[in-house]
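Report on the following structure.
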Amino acid sequence: MGVILYLAISLIAAFIMRVFFLFYKILKSDCQLISPNTCLRTIYCIGSGGHTTELLRLMSHLDSKKFQPRLFILAKNDISSEVKIQEAVDGSDDYTLYRIPRSRNVKQSYMTSVFTTIYATLSTIPILYKFKPDVIFCNGPGTCIPVCLVSFLMRCFFILDCRIVFIESLCRVQTLSLSGIILQFFADIFIIQWPQLRHVCFRAKYFGRLT
């Protein structure tokens, strides 16, 4: 019994050290990714409405030969985004769509959203484990929270070596979105599109308008 307890404590301590180590690297913006492949397996976390339009516009400026294969994750009740994705890929077949439960609906209370986020997170685990992304792009929809959380935890357990790139939505001029407030601690690269947000996020990178 004593040996089992010692092993359990050692594993917990090792995990905590791993988490702090990754936080240290993320906060230092040490986001180097060493991949033996010439292409990066890429996930795009699709929101709805303006979020979808912005992220697909960003995707259009990326080298599709470098960022492939592509996996789009969107909410189960998001119908319009699938049409926009099909238009954006322009007949290409090197992509996959996965739907997960929405972590938080519009006007949903924060209390109940805790349970829906947990459900969405559990639904995300097999998707990321199977696809094994190298990079995740997201721009603020609630759908990205469980995806990024699972990615970070899998990185802690050495299951994935994935980098998260968060681009705050263009409509966020003075304040961060709720997703931005959370992911400023998890995203390897955190990008804002308005210089005013430099005073809100301590580690944001500003390159001008991207979307």
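Ligands are numbered from 1 in the order shown, chains are lettered A, B, ... in the order of the structure tokens, and residues start at 1 in each chain.
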
Report as a PyMOL selection string: the residues of range 19-209 of chain A with a DSSP assignment of strand (DSSP E or B), based on the backbone of this structure. chain A and resi 42-45+70-75+95-100+135-138+163-167+189-192+205-206

Could you write out, as a ChimeraX atom specification, all the residues of chain A that DSSP marks as helix (DSSP H, G or I)? /A:2-27,50-60,80-89,110-131,144-156,178-183,195-199

Kindly export the residues of the current selection with C-alpha atoms, as an mmCIF file, in the first residue's frame.
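The resulting file, part_27.cif, is shown below:
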data_model
loop_
_atom_site.group_PDB
_atom_site.id
_atom_site.type_symbol
_atom_site.label_atom_id
_atom_site.label_comp_id
_atom_site.auth_asym_id
_atom_site.auth_seq_id
_atom_site.Cartn_x
_atom_site.Cartn_y
_atom_site.Cartn_z
ATOM 1 C CA GLY A 2 2.843 2.354 0.828
ATOM 2 C CA VAL A 3 4.508 1.733 -2.547
ATOM 3 C CA ILE A 4 1.271 2.435 -4.420
ATOM 4 C CA LEU A 5 0.753 5.664 -2.486
ATOM 5 C CA TYR A 6 4.337 6.727 -3.181
ATOM 6 C CA LEU A 7 3.914 6.044 -6.904
ATOM 7 C CA ALA A 8 0.625 7.955 -6.982
ATOM 8 C CA ILE A 9 2.172 10.974 -5.276
ATOM 9 C CA SER A 10 5.172 10.818 -7.617
ATOM 10 C CA LEU A 11 2.957 10.712 -10.701
ATOM 11 C CA ILE A 12 0.849 13.623 -9.464
ATOM 12 C CA ALA A 13 3.974 15.642 -8.681
ATOM 13 C CA ALA A 14 5.421 14.870 -12.127
ATOM 14 C CA PHE A 15 2.191 15.931 -13.801
ATOM 15 C CA ILE A 16 2.079 19.215 -11.866
ATOM 16 C CA MET A 17 5.691 19.918 -12.812
ATOM 17 C CA ARG A 18 4.869 19.191 -16.459
ATOM 18 C CA VAL A 19 1.909 21.606 -16.366
ATOM 19 C CA PHE A 20 4.002 24.401 -14.855
ATOM 20 C CA PHE A 21 6.780 23.733 -17.369
ATOM 21 C CA LEU A 22 4.362 24.105 -20.289
ATOM 22 C CA PHE A 23 2.823 27.247 -18.794
ATOM 23 C CA TYR A 24 6.335 28.669 -18.477
ATOM 24 C CA LYS A 25 7.110 27.933 -22.135
ATOM 25 C CA ILE A 26 3.771 29.334 -23.288
ATOM 26 C CA LEU A 27 4.080 32.552 -21.294
ATOM 27 C CA GLY A 50 -18.746 36.346 -38.190
ATOM 28 C CA HIS A 51 -16.367 33.962 -36.418
ATOM 29 C CA THR A 52 -16.599 31.519 -39.311
ATOM 30 C CA THR A 53 -16.133 34.220 -41.939
ATOM 31 C CA GLU A 54 -13.063 35.647 -40.182
ATOM 32 C CA LEU A 55 -11.326 32.309 -39.668
ATOM 33 C CA LEU A 56 -11.949 31.128 -43.225
ATOM 34 C CA ARG A 57 -10.617 34.449 -44.504
ATOM 35 C CA LEU A 58 -7.477 33.875 -42.456
ATOM 36 C CA MET A 59 -7.217 30.324 -43.795
ATOM 37 C CA SER A 60 -7.330 31.632 -47.371
ATOM 38 C CA SER A 80 -24.575 27.681 -42.070
ATOM 39 C CA SER A 81 -20.845 27.220 -41.406
ATOM 40 C CA GLU A 82 -20.650 23.958 -43.340
ATOM 41 C CA VAL A 83 -21.794 25.755 -46.495
ATOM 42 C CA LYS A 84 -19.140 28.445 -45.981
ATOM 43 C CA ILE A 85 -16.447 25.808 -45.465
ATOM 44 C CA GLN A 86 -17.370 24.046 -48.702
ATOM 45 C CA GLU A 87 -17.153 27.355 -50.545
ATOM 46 C CA ALA A 88 -13.789 28.160 -48.926
ATOM 47 C CA VAL A 89 -12.109 24.836 -49.798
ATOM 48 C CA TYR A 110 -22.550 30.472 -17.024
ATOM 49 C CA MET A 111 -23.625 27.931 -14.404
ATOM 50 C CA THR A 112 -25.232 25.532 -16.870
ATOM 51 C CA SER A 113 -22.491 26.144 -19.443
ATOM 52 C CA VAL A 114 -20.054 24.397 -17.085
ATOM 53 C CA PHE A 115 -21.869 21.097 -17.687
ATOM 54 C CA THR A 116 -22.278 21.595 -21.445
ATOM 55 C CA THR A 117 -18.578 22.478 -21.705
ATOM 56 C CA ILE A 118 -17.633 19.263 -19.884
ATOM 57 C CA TYR A 119 -19.828 17.289 -22.294
ATOM 58 C CA ALA A 120 -18.253 19.029 -25.301
ATOM 59 C CA THR A 121 -14.780 18.382 -23.887
ATOM 60 C CA LEU A 122 -15.394 14.657 -23.519
ATOM 61 C CA SER A 123 -16.716 14.550 -27.084
ATOM 62 C CA THR A 124 -13.523 16.202 -28.325
ATOM 63 C CA ILE A 125 -11.067 13.683 -26.836
ATOM 64 C CA PRO A 126 -11.441 10.891 -29.451
ATOM 65 C CA ILE A 127 -11.306 13.419 -32.306
ATOM 66 C CA LEU A 128 -7.970 14.904 -31.251
ATOM 67 C CA TYR A 129 -6.516 11.525 -30.295
ATOM 68 C CA LYS A 130 -7.302 10.127 -33.734
ATOM 69 C CA PHE A 131 -6.301 13.185 -35.800
ATOM 70 C CA CYS A 144 -12.612 26.250 -29.331
ATOM 71 C CA ILE A 145 -12.440 26.036 -25.520
ATOM 72 C CA PRO A 146 -12.901 22.243 -25.173
ATOM 73 C CA VAL A 147 -10.680 21.630 -28.216
ATOM 74 C CA CYS A 148 -7.816 23.714 -26.839
ATOM 75 C CA LEU A 149 -8.246 22.343 -23.320
ATOM 76 C CA VAL A 150 -8.049 18.732 -24.527
ATOM 77 C CA SER A 151 -5.060 19.594 -26.698
ATOM 78 C CA PHE A 152 -3.222 21.128 -23.739
ATOM 79 C CA LEU A 153 -3.961 18.180 -21.456
ATOM 80 C CA MET A 154 -2.821 15.700 -24.111
ATOM 81 C CA ARG A 155 0.346 17.727 -24.467
ATOM 82 C CA CYS A 156 0.860 17.453 -20.708
ATOM 83 C CA LEU A 178 -14.496 35.134 -22.826
ATOM 84 C CA SER A 179 -12.563 32.635 -24.940
ATOM 85 C CA GLY A 180 -9.687 35.108 -25.179
ATOM 86 C CA ILE A 181 -9.628 35.664 -21.423
ATOM 87 C CA ILE A 182 -9.280 31.903 -20.910
ATOM 88 C CA LEU A 183 -6.923 31.088 -23.767
ATOM 89 C CA PRO A 195 -3.588 47.935 -30.651
ATOM 90 C CA GLN A 196 -5.864 48.988 -27.773
ATOM 91 C CA LEU A 197 -6.007 45.375 -26.602
ATOM 92 C CA ARG A 198 -2.313 45.441 -25.737
ATOM 93 C CA HIS A 199 -3.340 46.978 -22.416
#

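The interatomic distance for the pair CA of Lys205 in chain A and CA of Tyr95 in chain A works out to 28.9 Å.
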
Nearby residues (only C-alpha atoms) at most 10 Å from Leu176 in chain A, same-chain spacing under 6 positions excluded, as a PDB file with all heavy atoms, in the first residue's frame:
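Written file, around-v5.pdb:
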ATOM      1  N   GLY A 140     -12.047  32.621 -31.243  1.00  0.00           N
ATOM      2  CA  GLY A 140     -12.943  33.105 -30.206  1.00  0.00           C
ATOM      3  C   GLY A 140     -14.249  32.402 -29.945  1.00  0.00           C
ATOM      4  O   GLY A 140     -14.843  32.615 -28.893  1.00  0.00           O
ATOM      5  N   GLU A 168      -7.760  36.836 -31.793  1.00  0.00           N
ATOM      6  CA  GLU A 168      -8.966  37.458 -31.242  1.00  0.00           C
ATOM      7  C   GLU A 168      -9.791  38.066 -32.366  1.00  0.00           C
ATOM      8  O   GLU A 168      -9.246  38.624 -33.332  1.00  0.00           O
ATOM      9  CB  GLU A 168      -8.586  38.530 -30.214  1.00  0.00           C
ATOM     10  CG  GLU A 168      -9.767  39.181 -29.516  1.00  0.00           C
ATOM     11  CD  GLU A 168     -10.643  38.192 -28.743  1.00  0.00           C
ATOM     12  OE1 GLU A 168     -11.476  37.515 -29.383  1.00  0.00           O
ATOM     13  OE2 GLU A 168     -10.511  38.114 -27.512  1.00  0.00           O
ATOM     14  N   SER A 169     -11.096  37.933 -32.253  1.00  0.00           N
ATOM     15  CA  SER A 169     -12.005  38.395 -33.291  1.00  0.00           C
ATOM     16  C   SER A 169     -11.833  39.889 -33.564  1.00  0.00           C
ATOM     17  O   SER A 169     -11.539  40.687 -32.673  1.00  0.00           O
ATOM     18  CB  SER A 169     -13.449  38.110 -32.882  1.00  0.00           C
ATOM     19  OG  SER A 169     -14.358  38.661 -33.827  1.00  0.00           O
ATOM     20  N   ILE A 182      -9.717  33.233 -21.346  1.00  0.00           N
ATOM     21  CA  ILE A 182      -9.280  31.903 -20.910  1.00  0.00           C
ATOM     22  C   ILE A 182      -8.016  31.470 -21.641  1.00  0.00           C
ATOM     23  O   ILE A 182      -7.041  31.021 -21.027  1.00  0.00           O
ATOM     24  CB  ILE A 182     -10.412  30.877 -21.142  1.00  0.00           C
ATOM     25  CG1 ILE A 182     -11.633  31.217 -20.278  1.00  0.00           C
ATOM     26  CG2 ILE A 182      -9.922  29.453 -20.843  1.00  0.00           C
ATOM     27  CD1 ILE A 182     -12.859  30.384 -20.589  1.00  0.00           C
ATOM     28  N   GLN A 184      -5.678  33.111 -23.172  1.00  0.00           N
ATOM     29  CA  GLN A 184      -4.431  33.873 -23.075  1.00  0.00           C
ATOM     30  C   GLN A 184      -3.398  33.137 -22.215  1.00  0.00           C
ATOM     31  O   GLN A 184      -2.204  33.421 -22.289  1.00  0.00           O
ATOM     32  CB  GLN A 184      -4.694  35.265 -22.503  1.00  0.00           C
ATOM     33  CG  GLN A 184      -5.207  35.295 -21.079  1.00  0.00           C
ATOM     34  CD  GLN A 184      -5.451  36.719 -20.579  1.00  0.00           C
ATOM     35  OE1 GLN A 184      -4.668  37.620 -20.843  1.00  0.00           O
ATOM     36  NE2 GLN A 184      -6.554  36.915 -19.878  1.00  0.00           N
ATOM     37  N   ILE A 192      -3.888  39.779 -31.393  1.00  0.00           N
ATOM     38  CA  ILE A 192      -4.984  40.749 -31.366  1.00  0.00           C
ATOM     39  C   ILE A 192      -4.947  41.550 -32.665  1.00  0.00           C
ATOM     40  O   ILE A 192      -3.917  41.641 -33.328  1.00  0.00           O
ATOM     41  CB  ILE A 192      -4.873  41.694 -30.154  1.00  0.00           C
ATOM     42  CG1 ILE A 192      -3.501  42.381 -30.137  1.00  0.00           C
ATOM     43  CG2 ILE A 192      -5.120  40.935 -28.854  1.00  0.00           C
ATOM     44  CD1 ILE A 192      -3.346  43.431 -29.056  1.00  0.00           C
ATOM     45  N   LEU A 197      -5.938  46.590 -27.421  1.00  0.00           N
ATOM     46  CA  LEU A 197      -6.007  45.375 -26.602  1.00  0.00           C
ATOM     47  C   LEU A 197      -4.665  45.000 -25.981  1.00  0.00           C
ATOM     48  O   LEU A 197      -4.599  44.093 -25.164  1.00  0.00           O
ATOM     49  CB  LEU A 197      -6.528  44.207 -27.440  1.00  0.00           C
ATOM     50  CG  LEU A 197      -8.013  44.247 -27.811  1.00  0.00           C
ATOM     51  CD1 LEU A 197      -8.378  43.069 -28.692  1.00  0.00           C
ATOM     52  CD2 LEU A 197      -8.880  44.258 -26.562  1.00  0.00           C
ATOM     53  N   VAL A 200      -4.904  45.120 -22.394  1.00  0.00           N
ATOM     54  CA  VAL A 200      -5.815  44.154 -21.773  1.00  0.00           C
ATOM     55  C   VAL A 200      -5.151  42.789 -21.644  1.00  0.00           C
ATOM     56  O   VAL A 200      -5.323  42.096 -20.644  1.00  0.00           O
ATOM     57  CB  VAL A 200      -7.115  44.030 -22.589  1.00  0.00           C
ATOM     58  CG1 VAL A 200      -8.071  43.038 -21.925  1.00  0.00           C
ATOM     59  CG2 VAL A 200      -7.780  45.389 -22.743  1.00  0.00           C
ATOM     60  N   CYS A 201      -4.387  42.406 -22.656  1.00  0.00           N
ATOM     61  CA  CYS A 201      -3.703  41.110 -22.647  1.00  0.00           C
ATOM     62  C   CYS A 201      -2.200  41.334 -22.572  1.00  0.00           C
ATOM     63  O   CYS A 201      -1.610  41.980 -23.454  1.00  0.00           O
ATOM     64  CB  CYS A 201      -4.056  40.307 -23.899  1.00  0.00           C
ATOM     65  SG  CYS A 201      -3.266  38.681 -23.960  1.00  0.00           S
TER      66      CYS A 201
END

For the interface of range 153-186 of chain A with range 32-45 of chain A (cut-off 12 Å, counting only C-alpha atoms), please tabulate each contacting residue of range 153-186 of chain A alongside its nearest pair of atoms and their separation in Å to one decimal, rows sorted by chain and increasing number, as CSV.
residue,atom,partner,partner_atom,distance
A:Leu160,CA,A:Leu33,CA,11.4
A:Asp161,CA,A:Leu33,CA,7.7
A:Cys162,CA,A:Leu33,CA,7.8
A:Arg163,CA,A:Leu33,CA,7.4
A:Ile164,CA,A:Ile43,CA,9.5
A:Val165,CA,A:Tyr44,CA,9.9
A:Phe166,CA,A:Cys45,CA,10.0
A:Ile167,CA,A:Cys45,CA,11.2
